[in-house]
>>> print(open('start-v2.tsv').read())   # TSV, C-alpha atoms and all ligand atoms
chain	number	residue	atom	x	y	z
A	1	MET	CA	3.91	2.72	-6.56
A	2	LYS	CA	1.08	2.96	-9.05
A	3	LYS	CA	-0.45	6.42	-9.10
A	4	ILE	CA	-4.22	6.61	-9.20
A	5	LEU	CA	-6.10	9.86	-9.83
A	6	VAL	CA	-9.11	10.00	-7.51
A	7	THR	CA	-11.52	12.69	-8.65
A	8	GLY	CA	-13.93	13.73	-5.91
A	9	GLY	CA	-11.42	12.19	-3.51
A	10	LEU	CA	-12.46	14.37	-0.58
A	11	GLY	CA	-16.10	13.31	-0.88
A	12	PHE	CA	-17.89	10.52	0.95
A	13	ILE	CA	-16.98	7.49	-1.16
A	14	GLY	CA	-13.79	9.03	-2.59
A	15	SER	CA	-12.20	9.64	0.82
A	16	HIS	CA	-12.85	6.04	1.93
A	17	THR	CA	-11.41	4.80	-1.35
A	18	VAL	CA	-8.25	6.86	-0.85
A	19	VAL	CA	-7.68	4.94	2.40
A	20	GLU	CA	-8.23	1.55	0.75
A	21	LEU	CA	-5.94	2.47	-2.16
A	22	VAL	CA	-3.11	3.31	0.22
A	23	GLN	CA	-3.68	0.08	2.13
A	24	ALA	CA	-3.49	-1.83	-1.15
A	25	GLY	CA	-0.16	-0.19	-2.07
A	26	TYR	CA	-1.36	2.47	-4.53
A	27	GLU	CA	-0.52	6.17	-4.45
A	28	PRO	CA	-3.69	8.27	-4.68
A	29	VAL	CA	-3.65	11.74	-6.24
A	30	ILE	CA	-6.76	13.59	-5.15
A	31	ILE	CA	-8.68	16.02	-7.34
A	32	ASP	CA	-11.59	17.95	-5.86
A	33	ASP	CA	-13.13	21.41	-6.25
A	34	LEU	CA	-14.63	21.31	-2.71
A	35	SER	CA	-18.10	21.96	-4.13
A	36	ASN	CA	-19.49	19.24	-1.86
A	37	SER	CA	-16.67	18.50	0.55
A	38	HIS	CA	-14.48	20.06	3.18
A	39	VAL	CA	-10.75	20.68	2.78
A	40	SER	CA	-10.17	19.44	6.34
A	41	ILE	CA	-10.94	15.91	5.10
A	42	LEU	CA	-7.37	16.07	3.81
A	43	ASP	CA	-6.10	16.32	7.42
A	44	GLN	CA	-8.43	13.52	8.49
A	45	LEU	CA	-7.04	11.35	5.68
A	46	THR	CA	-3.51	12.27	6.75
A	47	ALA	CA	-4.31	11.03	10.26
A	48	ILE	CA	-5.53	7.70	8.89
A	49	ILE	CA	-2.92	6.96	6.22
A	50	GLY	CA	0.07	8.56	7.95
A	51	TYR	CA	1.05	11.08	5.26
A	52	LYS	CA	-0.56	13.97	3.41
A	53	PRO	CA	-1.78	12.77	0.02
A	54	VAL	CA	-1.21	14.90	-3.07
A	55	PHE	CA	-4.21	17.15	-3.62
A	56	HIS	CA	-5.08	19.37	-6.58
A	57	GLN	CA	-8.01	21.70	-6.02
A	58	LEU	CA	-9.60	22.16	-9.40
A	59	ASP	CA	-12.95	22.12	-11.16
A	60	LEU	CA	-12.99	19.31	-13.72
A	61	CYS	CA	-15.38	21.38	-15.85
A	62	ASP	CA	-12.44	23.73	-16.49
A	63	GLU	CA	-10.96	22.15	-19.61
A	64	ALA	CA	-7.69	24.09	-19.52
A	65	ALA	CA	-7.13	23.18	-15.87
A	66	VAL	CA	-7.70	19.49	-16.63
A	67	GLN	CA	-5.30	19.61	-19.60
A	68	ASN	CA	-2.77	21.26	-17.34
A	69	LEU	CA	-3.29	18.54	-14.73
A	70	ALA	CA	-2.65	15.83	-17.31
A	71	ALA	CA	0.54	17.63	-18.34
A	72	THR	CA	1.70	17.69	-14.69
A	73	GLU	CA	0.46	14.31	-13.48
A	74	THR	CA	1.80	12.24	-16.34
A	75	ASP	CA	2.53	8.83	-14.81
A	76	ILE	CA	-1.07	8.01	-13.93
A	77	GLU	CA	-2.02	4.32	-14.25
A	78	GLY	CA	-5.60	4.56	-13.15
A	79	ILE	CA	-8.41	7.05	-12.68
A	80	ILE	CA	-11.35	6.61	-10.33
A	81	HIS	CA	-13.94	9.18	-11.28
A	82	PHE	CA	-16.22	10.02	-8.36
A	83	ALA	CA	-16.58	13.76	-8.99
A	84	ALA	CA	-20.19	14.54	-9.84
A	85	PHE	CA	-23.27	16.15	-8.36
A	86	LYS	CA	-25.53	13.52	-6.82
A	87	ALA	CA	-28.67	15.02	-5.25
A	88	VAL	CA	-31.64	13.55	-7.10
A	89	GLY	CA	-34.14	16.23	-5.98
A	90	GLU	CA	-31.81	19.11	-6.80
A	91	SER	CA	-31.21	17.63	-10.25
A	92	VAL	CA	-34.93	17.88	-10.98
A	93	GLN	CA	-34.87	21.54	-9.97
A	94	PHE	CA	-31.61	22.43	-11.75
A	95	PRO	CA	-31.15	19.87	-14.54
A	96	LEU	CA	-28.58	21.87	-16.52
A	97	LYS	CA	-26.36	22.25	-13.46
A	98	TYR	CA	-26.27	18.44	-13.29
A	99	TYR	CA	-25.80	17.78	-17.00
A	100	ARG	CA	-23.06	20.41	-17.14
A	101	ASN	CA	-21.04	19.18	-14.16
A	102	ASN	CA	-21.45	15.45	-14.64
A	103	PHE	CA	-20.74	15.48	-18.40
A	104	TYR	CA	-18.13	18.23	-18.77
A	105	SER	CA	-16.04	16.77	-15.95
A	106	LEU	CA	-16.16	13.27	-17.43
A	107	ILE	CA	-15.43	14.40	-20.99
A	108	ASN	CA	-12.60	16.74	-19.99
A	109	LEU	CA	-10.98	13.99	-17.96
A	110	LEU	CA	-11.30	11.34	-20.68
A	111	ASN	CA	-9.93	13.73	-23.30
A	112	ALA	CA	-7.01	14.78	-21.12
A	113	TYR	CA	-5.74	11.22	-20.64
A	114	ALA	CA	-6.81	9.81	-24.02
A	115	GLY	CA	-4.00	8.15	-25.90
A	116	LYS	CA	-2.60	6.60	-22.72
A	117	PRO	CA	-3.38	3.09	-21.47
A	118	VAL	CA	-5.17	4.21	-18.32
A	119	ASN	CA	-7.55	2.04	-16.27
A	120	PHE	CA	-10.73	4.00	-15.62
A	121	VAL	CA	-13.37	3.31	-12.96
A	122	PHE	CA	-16.67	5.16	-13.30
A	123	SER	CA	-19.11	5.70	-10.40
A	124	SER	CA	-22.46	4.58	-11.69
A	125	SER	CA	-25.58	3.79	-9.75
A	126	CYS	CA	-28.37	1.26	-9.35
A	127	THR	CA	-30.70	4.14	-10.32
A	128	VAL	CA	-30.12	2.98	-13.91
A	129	TYR	CA	-32.41	-0.01	-13.17
A	130	GLY	CA	-35.41	2.01	-11.92
A	131	GLN	CA	-37.91	-0.51	-10.50
A	132	PRO	CA	-36.49	-3.74	-11.94
A	133	ASP	CA	-38.85	-6.42	-13.29
A	134	GLN	CA	-36.87	-9.12	-11.48
A	135	LEU	CA	-35.06	-9.17	-8.16
A	136	PRO	CA	-32.23	-9.43	-7.43
A	137	VAL	CA	-31.35	-7.30	-10.41
A	138	THR	CA	-28.48	-8.48	-12.64
A	139	GLU	CA	-26.16	-6.30	-14.71
A	140	ASP	CA	-27.87	-7.34	-17.94
A	141	ALA	CA	-31.34	-6.26	-16.76
A	142	PRO	CA	-32.87	-3.65	-19.04
A	143	VAL	CA	-32.00	-0.08	-18.16
A	144	LYS	CA	-35.24	1.77	-17.36
A	145	PRO	CA	-36.07	5.37	-18.33
A	146	ALA	CA	-34.28	7.59	-15.84
A	147	GLN	CA	-36.39	8.99	-13.00
A	148	SER	CA	-34.34	12.19	-12.73
A	149	PRO	CA	-31.73	14.25	-14.58
A	150	TYR	CA	-29.16	12.86	-12.10
A	151	GLY	CA	-30.09	9.26	-13.01
A	152	ASN	CA	-29.98	10.22	-16.67
A	153	THR	CA	-26.40	11.51	-16.32
A	154	LYS	CA	-25.37	8.04	-15.08
A	155	GLN	CA	-27.16	6.23	-17.92
A	156	ILE	CA	-25.79	8.52	-20.61
A	157	ALA	CA	-22.29	8.43	-19.11
A	158	GLU	CA	-22.30	4.63	-19.26
A	159	GLU	CA	-23.36	4.83	-22.93
A	160	MET	CA	-20.68	7.44	-23.64
A	161	LEU	CA	-18.03	5.19	-22.12
A	162	GLN	CA	-19.20	2.21	-24.18
A	163	ASP	CA	-19.18	4.29	-27.38
A	164	MET	CA	-15.68	5.53	-26.56
A	165	MET	CA	-14.45	1.97	-26.04
A	166	ALA	CA	-16.08	0.82	-29.29
A	167	SER	CA	-14.08	3.49	-31.12
A	168	GLY	CA	-10.80	1.80	-30.21
A	169	SER	CA	-9.78	3.77	-27.14
A	170	LYS	CA	-6.65	2.87	-25.19
A	171	TYR	CA	-8.55	3.02	-21.93
A	172	LYS	CA	-9.88	0.02	-20.06
A	173	VAL	CA	-13.12	0.95	-18.31
A	174	ILE	CA	-15.24	-0.50	-15.52
A	175	SER	CA	-18.52	1.07	-14.40
A	176	LEU	CA	-19.50	0.18	-10.85
A	177	ARG	CA	-23.22	0.42	-10.17
A	178	TYR	CA	-23.41	1.24	-6.48
A	179	PHE	CA	-26.45	0.34	-4.46
A	180	ASN	CA	-26.92	2.36	-1.23
A	181	PRO	CA	-23.63	3.32	0.43
A	182	VAL	CA	-23.86	4.05	4.16
A	183	GLY	CA	-21.65	3.94	7.25
A	184	ALA	CA	-18.25	5.45	7.90
A	185	HIS	CA	-14.61	4.50	8.41
A	186	GLU	CA	-13.92	2.74	11.73
A	187	SER	CA	-11.67	5.64	12.83
A	188	ALA	CA	-14.71	7.99	12.72
A	189	LEU	CA	-12.37	10.50	11.02
A	190	ILE	CA	-14.17	10.39	7.67
A	191	GLY	CA	-17.81	9.80	6.75
A	192	GLU	CA	-20.75	11.29	4.90
A	193	LEU	CA	-21.11	15.07	5.12
A	194	PRO	CA	-24.50	15.98	3.69
A	195	ILE	CA	-24.91	19.66	2.98
A	196	GLY	CA	-28.30	20.91	4.17
A	197	VAL	CA	-31.14	18.51	4.86
A	198	PRO	CA	-29.98	14.95	4.11
A	199	GLN	CA	-31.75	13.27	1.18
A	200	ASN	CA	-30.73	9.80	2.34
A	201	LEU	CA	-32.09	7.72	5.18
A	202	VAL	CA	-29.02	6.98	7.29
A	203	PRO	CA	-27.67	10.56	7.67
A	204	PHE	CA	-31.24	11.58	8.48
A	205	ILE	CA	-31.37	8.91	11.18
A	206	THR	CA	-28.04	9.92	12.74
A	207	GLN	CA	-28.89	13.65	12.59
A	208	THR	CA	-32.21	12.92	14.30
A	209	ALA	CA	-30.54	10.80	16.96
A	210	ILE	CA	-28.04	13.58	17.72
A	211	GLY	CA	-30.83	16.18	17.94
A	212	LYS	CA	-30.26	18.12	14.70
A	213	ARG	CA	-33.62	16.92	13.29
A	214	GLU	CA	-36.85	16.36	15.15
A	215	LYS	CA	-37.90	13.04	13.64
A	216	VAL	CA	-37.38	10.57	10.83
A	217	THR	CA	-40.31	10.13	8.46
A	218	VAL	CA	-40.71	6.70	6.90
A	219	PHE	CA	-42.15	7.46	3.47
A	220	GLY	CA	-44.90	4.84	3.16
A	221	ASN	CA	-45.61	1.57	4.96
A	222	ASP	CA	-48.09	0.27	2.41
A	223	TYR	CA	-45.67	-0.98	-0.25
A	224	ASN	CA	-45.78	-4.58	-1.39
A	225	THR	CA	-42.81	-5.54	0.80
A	226	PRO	CA	-42.63	-7.74	3.93
A	227	ASP	CA	-43.13	-4.82	6.37
A	228	GLY	CA	-44.62	-2.32	3.90
A	229	SER	CA	-41.63	0.05	3.81
A	230	CYS	CA	-39.25	0.44	0.84
A	231	VAL	CA	-36.42	-2.05	0.47
A	232	ARG	CA	-32.85	-1.17	-0.60
A	233	ASP	CA	-29.46	-2.85	-0.79
A	234	TYR	CA	-27.43	-0.94	1.82
A	235	ILE	CA	-23.68	-1.40	1.56
A	236	HIS	CA	-20.96	-0.27	3.94
A	237	VAL	CA	-18.87	2.46	2.29
A	238	VAL	CA	-15.63	0.65	3.25
A	239	ASP	CA	-16.78	-2.47	1.38
A	240	LEU	CA	-17.73	-0.23	-1.54
A	241	ALA	CA	-14.32	1.46	-1.46
A	242	LYS	CA	-12.62	-1.94	-1.64
A	243	ALA	CA	-14.56	-2.74	-4.83
A	244	HIS	CA	-12.59	0.05	-6.56
A	245	VAL	CA	-9.31	-1.63	-5.66
A	246	ALA	CA	-10.72	-4.90	-7.03
A	247	ALA	CA	-11.72	-3.12	-10.27
A	248	LEU	CA	-8.20	-1.72	-10.73
A	249	ARG	CA	-6.67	-5.14	-10.05
A	250	LEU	CA	-8.94	-6.72	-12.66
A	251	MET	CA	-8.04	-4.14	-15.31
A	252	GLU	CA	-4.34	-4.66	-14.61
A	253	GLN	CA	-4.69	-8.17	-16.00
A	254	ASP	CA	-3.90	-8.55	-19.71
A	255	SER	CA	-6.94	-10.79	-20.08
A	256	PHE	CA	-9.23	-7.84	-19.30
A	257	THR	CA	-9.93	-5.62	-22.29
A	258	GLY	CA	-12.56	-3.05	-23.15
A	259	TYR	CA	-15.51	-2.26	-20.92
A	260	ASP	CA	-17.46	-4.02	-18.20
A	261	VAL	CA	-20.03	-3.21	-15.54
A	262	PHE	CA	-20.60	-4.62	-12.05
A	263	ASN	CA	-23.24	-4.37	-9.34
A	264	ILE	CA	-21.74	-3.28	-6.03
A	265	GLY	CA	-24.09	-4.18	-3.22
A	266	THR	CA	-24.54	-6.88	-0.62
A	267	GLY	CA	-27.08	-8.89	-2.60
A	268	LYS	CA	-29.57	-8.48	0.25
A	269	GLY	CA	-32.56	-6.20	0.57
A	270	THR	CA	-33.18	-4.36	3.86
A	271	SER	CA	-36.29	-2.32	4.55
A	272	VAL	CA	-36.40	1.20	5.95
A	273	LEU	CA	-38.02	-0.13	9.13
A	274	GLU	CA	-35.33	-2.82	9.46
A	275	ILE	CA	-32.67	-0.12	9.18
A	276	ILE	CA	-34.31	1.83	11.99
A	277	THR	CA	-34.44	-1.30	14.16
A	278	ALA	CA	-30.79	-2.06	13.34
A	279	PHE	CA	-29.80	1.49	14.28
A	280	GLU	CA	-31.54	1.21	17.67
A	281	ARG	CA	-30.06	-2.25	18.27
A	282	ALA	CA	-26.50	-1.32	17.24
A	283	THR	CA	-26.34	2.00	19.09
A	284	GLY	CA	-28.77	1.61	21.99
A	285	VAL	CA	-30.34	4.94	20.94
A	286	LYS	CA	-34.12	5.17	20.64
A	287	LEU	CA	-35.13	6.91	17.44
A	288	ASN	CA	-38.08	9.27	17.04
A	289	TYR	CA	-39.77	8.24	13.80
A	290	VAL	CA	-43.20	8.50	12.21
A	291	ILE	CA	-44.88	6.86	9.24
A	292	GLY	CA	-45.68	9.36	6.48
A	293	PRO	CA	-47.13	9.16	2.99
A	294	ARG	CA	-45.18	7.70	0.07
A	295	ARG	CA	-42.62	10.02	-1.51
A	296	ASP	CA	-42.75	10.76	-5.25
A	297	GLY	CA	-40.13	8.97	-7.29
A	298	ASP	CA	-39.25	6.25	-4.74
A	299	VAL	CA	-38.99	2.77	-6.23
A	300	GLU	CA	-40.59	0.06	-4.10
A	301	GLN	CA	-37.68	-2.32	-3.77
A	302	VAL	CA	-34.31	-2.96	-5.32
A	303	TRP	CA	-31.34	-5.08	-4.46
A	304	GLY	CA	-28.53	-6.38	-6.56
A	305	ASP	CA	-27.38	-9.74	-7.81
A	306	VAL	CA	-23.67	-9.69	-6.95
A	307	THR	CA	-22.70	-13.05	-8.46
A	308	LYS	CA	-20.72	-11.40	-11.25
A	309	SER	CA	-18.81	-9.15	-8.82
A	310	GLU	CA	-17.97	-12.14	-6.65
A	311	GLN	CA	-16.83	-14.29	-9.54
A	312	VAL	CA	-15.13	-11.82	-11.85
A	313	LEU	CA	-14.07	-8.96	-9.58
A	314	GLN	CA	-13.28	-11.41	-6.77
A	315	TRP	CA	-14.94	-8.99	-4.39
A	316	ARG	CA	-17.75	-9.36	-1.89
A	317	ALA	CA	-19.23	-7.13	0.82
A	318	GLU	CA	-18.33	-8.24	4.34
A	319	LEU	CA	-19.77	-5.72	6.78
A	320	GLY	CA	-23.31	-6.09	8.07
A	321	VAL	CA	-26.10	-3.65	8.79
A	322	ASP	CA	-25.23	-3.26	12.49
A	323	THR	CA	-21.66	-2.17	11.62
A	324	MET	CA	-23.09	0.22	9.04
A	325	MET	CA	-25.27	1.80	11.72
A	326	SER	CA	-22.73	1.89	14.56
A	327	SER	CA	-20.03	3.41	12.33
A	328	ALA	CA	-22.42	6.05	10.93
A	329	TRP	CA	-23.39	6.91	14.51
A	330	ALA	CA	-19.76	7.13	15.70
A	331	TRP	CA	-19.06	9.53	12.80
A	332	GLU	CA	-22.11	11.71	13.61
A	333	GLN	CA	-21.00	11.91	17.24
A	334	ALA	CA	-17.41	12.73	16.22
A	335	ILE	CA	-18.44	15.68	14.02
A	336	ALA	CA	-20.88	16.92	16.66
A	337	LYS	CA	-18.02	17.02	19.16
A	338	LYS	CA	-15.48	18.52	16.75
A	339	PRO	CA	-17.11	20.07	13.66
A	340	LEU	CA	-14.93	20.11	10.54
B	1	LIG	P1	-19.80	13.42	-2.70
B	1	LIG	O1	-20.58	14.62	-3.11
B	1	LIG	O2	-19.56	13.20	-1.25
B	1	LIG	O3	-18.39	13.42	-3.45
B	1	LIG	C1	-18.21	13.95	-4.73
B	1	LIG	C2	-17.01	14.87	-4.68
B	1	LIG	O4	-16.76	15.39	-5.98
B	1	LIG	C3	-17.18	16.06	-3.74
B	1	LIG	O5	-16.07	16.11	-2.87
B	1	LIG	C4	-17.22	17.27	-4.68
B	1	LIG	O6	-16.65	18.41	-4.06
B	1	LIG	C5	-16.44	16.77	-5.88
B	1	LIG	N1	-16.80	17.38	-7.17
B	1	LIG	C6	-18.04	17.52	-7.69
B	1	LIG	N2	-17.97	18.13	-8.89
B	1	LIG	C7	-16.65	18.37	-9.13
B	1	LIG	C8	-15.93	18.99	-10.19
B	1	LIG	N3	-16.55	19.51	-11.25
B	1	LIG	N4	-14.58	19.05	-10.10
B	1	LIG	C9	-13.92	18.55	-9.03
B	1	LIG	N5	-14.56	17.98	-7.98
B	1	LIG	C10	-15.90	17.89	-8.03
B	1	LIG	O7	-20.53	12.16	-3.36
B	1	LIG	P2	-20.32	10.61	-3.07
B	1	LIG	O8	-21.49	10.13	-2.28
B	1	LIG	O9	-18.97	10.36	-2.58
B	1	LIG	O10	-20.49	10.04	-4.54
B	1	LIG	C11	-19.38	9.81	-5.39
B	1	LIG	C12	-19.87	9.32	-6.74
B	1	LIG	O11	-20.66	8.15	-6.54
B	1	LIG	C13	-20.74	10.29	-7.49
B	1	LIG	O12	-20.43	10.19	-8.86
B	1	LIG	C14	-22.14	9.79	-7.22
B	1	LIG	O13	-23.03	10.15	-8.24
B	1	LIG	C15	-21.92	8.30	-7.19
B	1	LIG	N6	-22.94	7.57	-6.43
B	1	LIG	C16	-23.17	7.92	-5.13
B	1	LIG	C17	-24.16	7.25	-4.41
B	1	LIG	C18	-24.47	7.66	-2.98
B	1	LIG	O14	-25.54	7.29	-2.49
B	1	LIG	N7	-23.60	8.35	-2.27
B	1	LIG	C19	-24.89	6.20	-5.02
B	1	LIG	C20	-24.60	5.85	-6.35
B	1	LIG	C21	-23.61	6.55	-7.04
>>> encode(input="start-v2.tsv", output="structure tokens")
Amino acid sequence: MKKILVTGGLGFIGSHTVVELVQAGYEPVIIDDLSNSHVSILDQLTAIIGYKPVFHQLDLCDEAAVQNLAATETDIEGIIHFAAFKAVGESVQFPLKYYRNNFYSLINLLNAYAGKPVNFVFSSSCTVYGQPDQLPVTEDAPVKPAQSPYGNTKQIAEEMLQDMMASGSKYKVISLRYFNPVGAHESALIGELPIGVPQNLVPFITQTAIGKREKVTVFGNDYNTPDGSCVRDYIHVVDLAKAHVAALRLMEQDSFTGYDVFNIGTGKGTSVLEIITAFERATGVKLNYVIGPRRDGDVEQVWGDVTKSEQVLQWRAELGVDTMMSSAWAWEQAIAKKPL
């Protein structure tokens, strides 16, 4: 079985990807420092995949530890690099924390496996587009000045990877630009675990519905969108996880060389108010929400053109908004009943 290193494999997207890798016949090796995840996710994964995956607890910023890992885990065919800090607001407050973690971990990892023909998938983000001039946004749209240190780490990391490939590296690299991952695995054993007050809409909705938060605030209903609220391309995390398998499969082909980048979304925009309606429809739960003022830094609307992903990656999102909402709600209820 092909061994794939999954950094950040106990996190939200990483844990779902571990499941999809196993289903596709790969052997995941999980790396995580538990800075934003819970070790019990390992038991939850065991319950889903039927065996305990290999797990190394280490901080990828620790260069010696990463070198040691590469000396131990030698027969690695692919790396999926999720490990990073991701809270936009926190990155504005503590920029160096973000630049340090997101760059040191990437550089240490790339150095440790350099010289080997490893297929590398990088977690990028649609934040690189800012507010695009044209919608849906295609991969060749101009990258806009980053709105936050977090967004900047994704832009610079993409450039670093391209520079590395131009220098004749043995890696093959794909950057996946995720749109807005939501939802949870159908088992309700894994899902998003926001630490503190959620920054994203869907965990805020589910935490409000369960009674942890008083109300959801819709930040602005006076945008130039059909219902006035912001529009995003929400994608089910299981669909997103499957895109990583598709990226590995593509790089395994001899015809693929070098570096490429793909949008990973549904290709459809959904407004904040539509998400709230979908949540109420899919779960039967009435949500307490209010309209508030616009929030600094929010782009008005963004959704992705996924033609390239469909044609080249041979991947497309399948799960709709109602499944996103019902699975997120099942997960919230599961952790309320049995906290991790
Ligand atoms: P997450 O925080 O749930 O998972 C990241 C995992 O990496 C965590 O388990 C954390 O403990 C681990 N980690 C962080 N720094 C580490 C280090 N130095 N060494 C070892 N482990 C470390 O985040 P996620 O939502 O699963 O996101 C995964 C990736 O996708 C990130 O790179 C993120 O920037 C990117 N991304 C996420 C979103 C989103 O909305 N969730 C959108 C676009 C891109």
>>> closest_atom_pairs(input="start-v2.tsv", of="chain A", to="ligand LIG 1 (chain B)", cutoff="6 Å", atoms="all atoms listed in the file", output="CSV")
residue,atom,partner,partner_atom,distance
A:Gly8,CA,B:LIG1,O4,3.3
A:Leu10,CA,B:LIG1,O5,4.6
A:Gly11,CA,B:LIG1,O5,3.4
A:Phe12,CA,B:LIG1,O9,3.7
A:Ile13,CA,B:LIG1,O9,3.8
A:Gly14,CA,B:LIG1,O9,5.3
A:Asp32,CA,B:LIG1,N5,3.6
A:Asp33,CA,B:LIG1,C9,4.1
A:Leu34,CA,B:LIG1,O6,3.8
A:Ser35,CA,B:LIG1,O6,3.8
A:Asn36,CA,B:LIG1,O6,3.7
A:Ser37,CA,B:LIG1,O5,4.2
A:Leu58,CA,B:LIG1,C9,5.6
A:Asp59,CA,B:LIG1,N4,3.6
A:Leu60,CA,B:LIG1,N4,4.0
A:Cys61,CA,B:LIG1,N3,5.1
A:Phe82,CA,B:LIG1,C12,4.1
A:Ala83,CA,B:LIG1,O4,3.4
A:Ala84,CA,B:LIG1,C6,4.3
A:Phe85,CA,B:LIG1,C6,5.4
A:Lys86,CA,B:LIG1,O13,4.4
A:Asn101,CA,B:LIG1,N3,5.4
A:Ser105,CA,B:LIG1,N3,5.5
A:Ser123,CA,B:LIG1,O11,4.8
A:Ser124,CA,B:LIG1,C21,5.2
A:Ser125,CA,B:LIG1,C20,4.1
A:Tyr178,CA,B:LIG1,C20,4.8
A:Asn180,CA,B:LIG1,O14,5.3
A:Pro181,CA,B:LIG1,O14,5.3
>>> residues_around(input="start-v2.tsv", residues="segment 306-321 of chain A", least_positions_apart="6", cutoff="8 Å", atoms="only C-alpha atoms", output="PDB file with C-alpha atoms, keeping the file's coordinate frame")
ATOM      1  CA  THR A 138     -28.480  -8.480 -12.640  1.00  0.00           C
ATOM      2  CA  TYR A 234     -27.430  -0.940   1.820  1.00  0.00           C
ATOM      3  CA  ILE A 235     -23.680  -1.400   1.560  1.00  0.00           C
ATOM      4  CA  HIS A 236     -20.960  -0.270   3.940  1.00  0.00           C
ATOM      5  CA  ASP A 239     -16.780  -2.470   1.380  1.00  0.00           C
ATOM      6  CA  LEU A 240     -17.730  -0.230  -1.540  1.00  0.00           C
ATOM      7  CA  LYS A 242     -12.620  -1.940  -1.640  1.00  0.00           C
ATOM      8  CA  ALA A 243     -14.560  -2.740  -4.830  1.00  0.00           C
ATOM      9  CA  ALA A 246     -10.720  -4.900  -7.030  1.00  0.00           C
ATOM     10  CA  ALA A 247     -11.720  -3.120 -10.270  1.00  0.00           C
ATOM     11  CA  LEU A 250      -8.940  -6.720 -12.660  1.00  0.00           C
ATOM     12  CA  PHE A 262     -20.600  -4.620 -12.050  1.00  0.00           C
ATOM     13  CA  ASN A 263     -23.240  -4.370  -9.340  1.00  0.00           C
ATOM     14  CA  ILE A 264     -21.740  -3.280  -6.030  1.00  0.00           C
ATOM     15  CA  GLY A 265     -24.090  -4.180  -3.220  1.00  0.00           C
ATOM     16  CA  THR A 266     -24.540  -6.880  -0.620  1.00  0.00           C
ATOM     17  CA  GLY A 267     -27.080  -8.890  -2.600  1.00  0.00           C
ATOM     18  CA  ILE A 275     -32.670  -0.120   9.180  1.00  0.00           C
ATOM     19  CA  ALA A 278     -30.790  -2.060  13.340  1.00  0.00           C
TER      20      ALA A 278
END
>>> residues_around(input="start-v2.tsv", residues="segment 289-300 of chain A", least_positions_apart="3", cutoff="6 Å", atoms="all atoms listed in the file", output="PyMOL selection string")
chain A and resi 131+215-220+230
>>> closest_atom_pairs(input="start-v2.tsv", of="segment 168-277 of chain A", to="segment 41-56 of chain A", cutoff="12 Å", atoms="all atoms listed in the file", output="Markdown table")
| residue | atom | partner | partner_atom | distance |
| --- | --- | --- | --- | --- |
| A:His185 | CA | A:Ile48 | CA | 9.6 |
| A:Glu186 | CA | A:Ile48 | CA | 10.2 |
| A:Ser187 | CA | A:Ile48 | CA | 7.6 |
| A:Ala188 | CA | A:Gln44 | CA | 9.4 |
| A:Leu189 | CA | A:Gln44 | CA | 5.6 |
| A:Ile190 | CA | A:Gln44 | CA | 6.6 |
| A:Gly191 | CA | A:Ile41 | CA | 9.3 |
| A:Glu192 | CA | A:Ile41 | CA | 10.8 |
| A:Leu193 | CA | A:Ile41 | CA | 10.2 |
>>> atom_distance(input="start-v2.tsv", atom1="atom CA of Asn111 of chain A", atom2="atom CA of Ser15 of chain A")
24.6 Å
>>> closest_residue(input="start-v2.tsv", among="A:His38, A:Lys97, A:Lys3, A:Lys286", to="Asp75 of chain A", atoms="all atoms listed in the file")
A:Lys3
>>> closest_residue(input="start-v2.tsv", among="A:Lys268, A:Lys170, A:Lys154, A:His16", to="Ala114 of chain A", atoms="only C-alpha atoms")
A:Lys170
>>> atom_distance(input="start-v2.tsv", atom1="atom CA of Tyr150 of chain A", atom2="atom CA of Tyr98 of chain A")
6.4 Å
>>> atom_distance(input="start-v2.tsv", atom1="atom CA of Gly78 of chain A", atom2="atom CA of Glu158 of chain A")
17.8 Å
>>> closest_residue(input="start-v2.tsv", among="A:Leu340, A:Ala330, A:Val39, A:Val302", to="Gln134 of chain A", atoms="all atoms listed in the file")
A:Val302
>>> closest_residue(input="start-v2.tsv", among="A:Val121, A:Val182, A:Ile195, A:Asp222", to="Met324 of chain A", atoms="only C-alpha atoms")
A:Val182
>>> axis_aligned_box(input="start-v2.tsv", around="segment 298-313 of chain A", padding_each_side="8 Å", output="lines of an AutoDock Vina configuration file")
center_x = -27.3
center_y = -4.0
center_z = -7.8
size_x = 42.5
size_y = 36.5
size_z = 24.1
>>> residues_around(input="start-v2.tsv", residues="Asn119 of chain A", least_positions_apart="5", cutoff="7 Å", atoms="all atoms listed in the file", output="mmCIF file with C-alpha atoms, in the frame of the given file")
data_model
loop_
_atom_site.group_PDB
_atom_site.id
_atom_site.type_symbol
_atom_site.label_atom_id
_atom_site.label_comp_id
_atom_site.auth_asym_id
_atom_site.auth_seq_id
_atom_site.Cartn_x
_atom_site.Cartn_y
_atom_site.Cartn_z
ATOM 1 C CA GLU A 77 -2.020 4.320 -14.250
ATOM 2 C CA GLY A 78 -5.600 4.560 -13.150
ATOM 3 C CA ILE A 79 -8.410 7.050 -12.680
ATOM 4 C CA TYR A 171 -8.550 3.020 -21.930
ATOM 5 C CA LYS A 172 -9.880 0.020 -20.060
ATOM 6 C CA VAL A 173 -13.120 0.950 -18.310
ATOM 7 C CA LEU A 248 -8.200 -1.720 -10.730
ATOM 8 C CA MET A 251 -8.040 -4.140 -15.310
#
>>> closest_residue(input="start-v2.tsv", among="A:Gly284, A:Ser255, A:Ser169, A:Glu63", to="Asn108 of chain A", atoms="only C-alpha atoms")
A:Glu63
>>> residues_around(input="start-v2.tsv", residues="Tyr259 of chain A", least_positions_apart="6", cutoff="8 Å", atoms="only C-alpha atoms", output="PyMOL selection string")
chain A and resi 161-162+165+172-175
>>> residues_around(input="start-v2.tsv", residues="His244 of chain A", least_positions_apart="6", cutoff="9 Å", atoms="all atoms listed in the file", output="compact mmCIF listing (two decimals) with C-alpha atoms, keeping the file's coordinate frame")
# COMPACT_ATOMS: atom_id res chain seq x y z
CA THR A 17 -11.41 4.80 -1.35
CA GLU A 20 -8.23 1.55 0.75
CA LEU A 21 -5.94 2.47 -2.16
CA ILE A 80 -11.35 6.61 -10.33
CA VAL A 121 -13.37 3.31 -12.96
CA LEU A 176 -19.50 0.18 -10.85
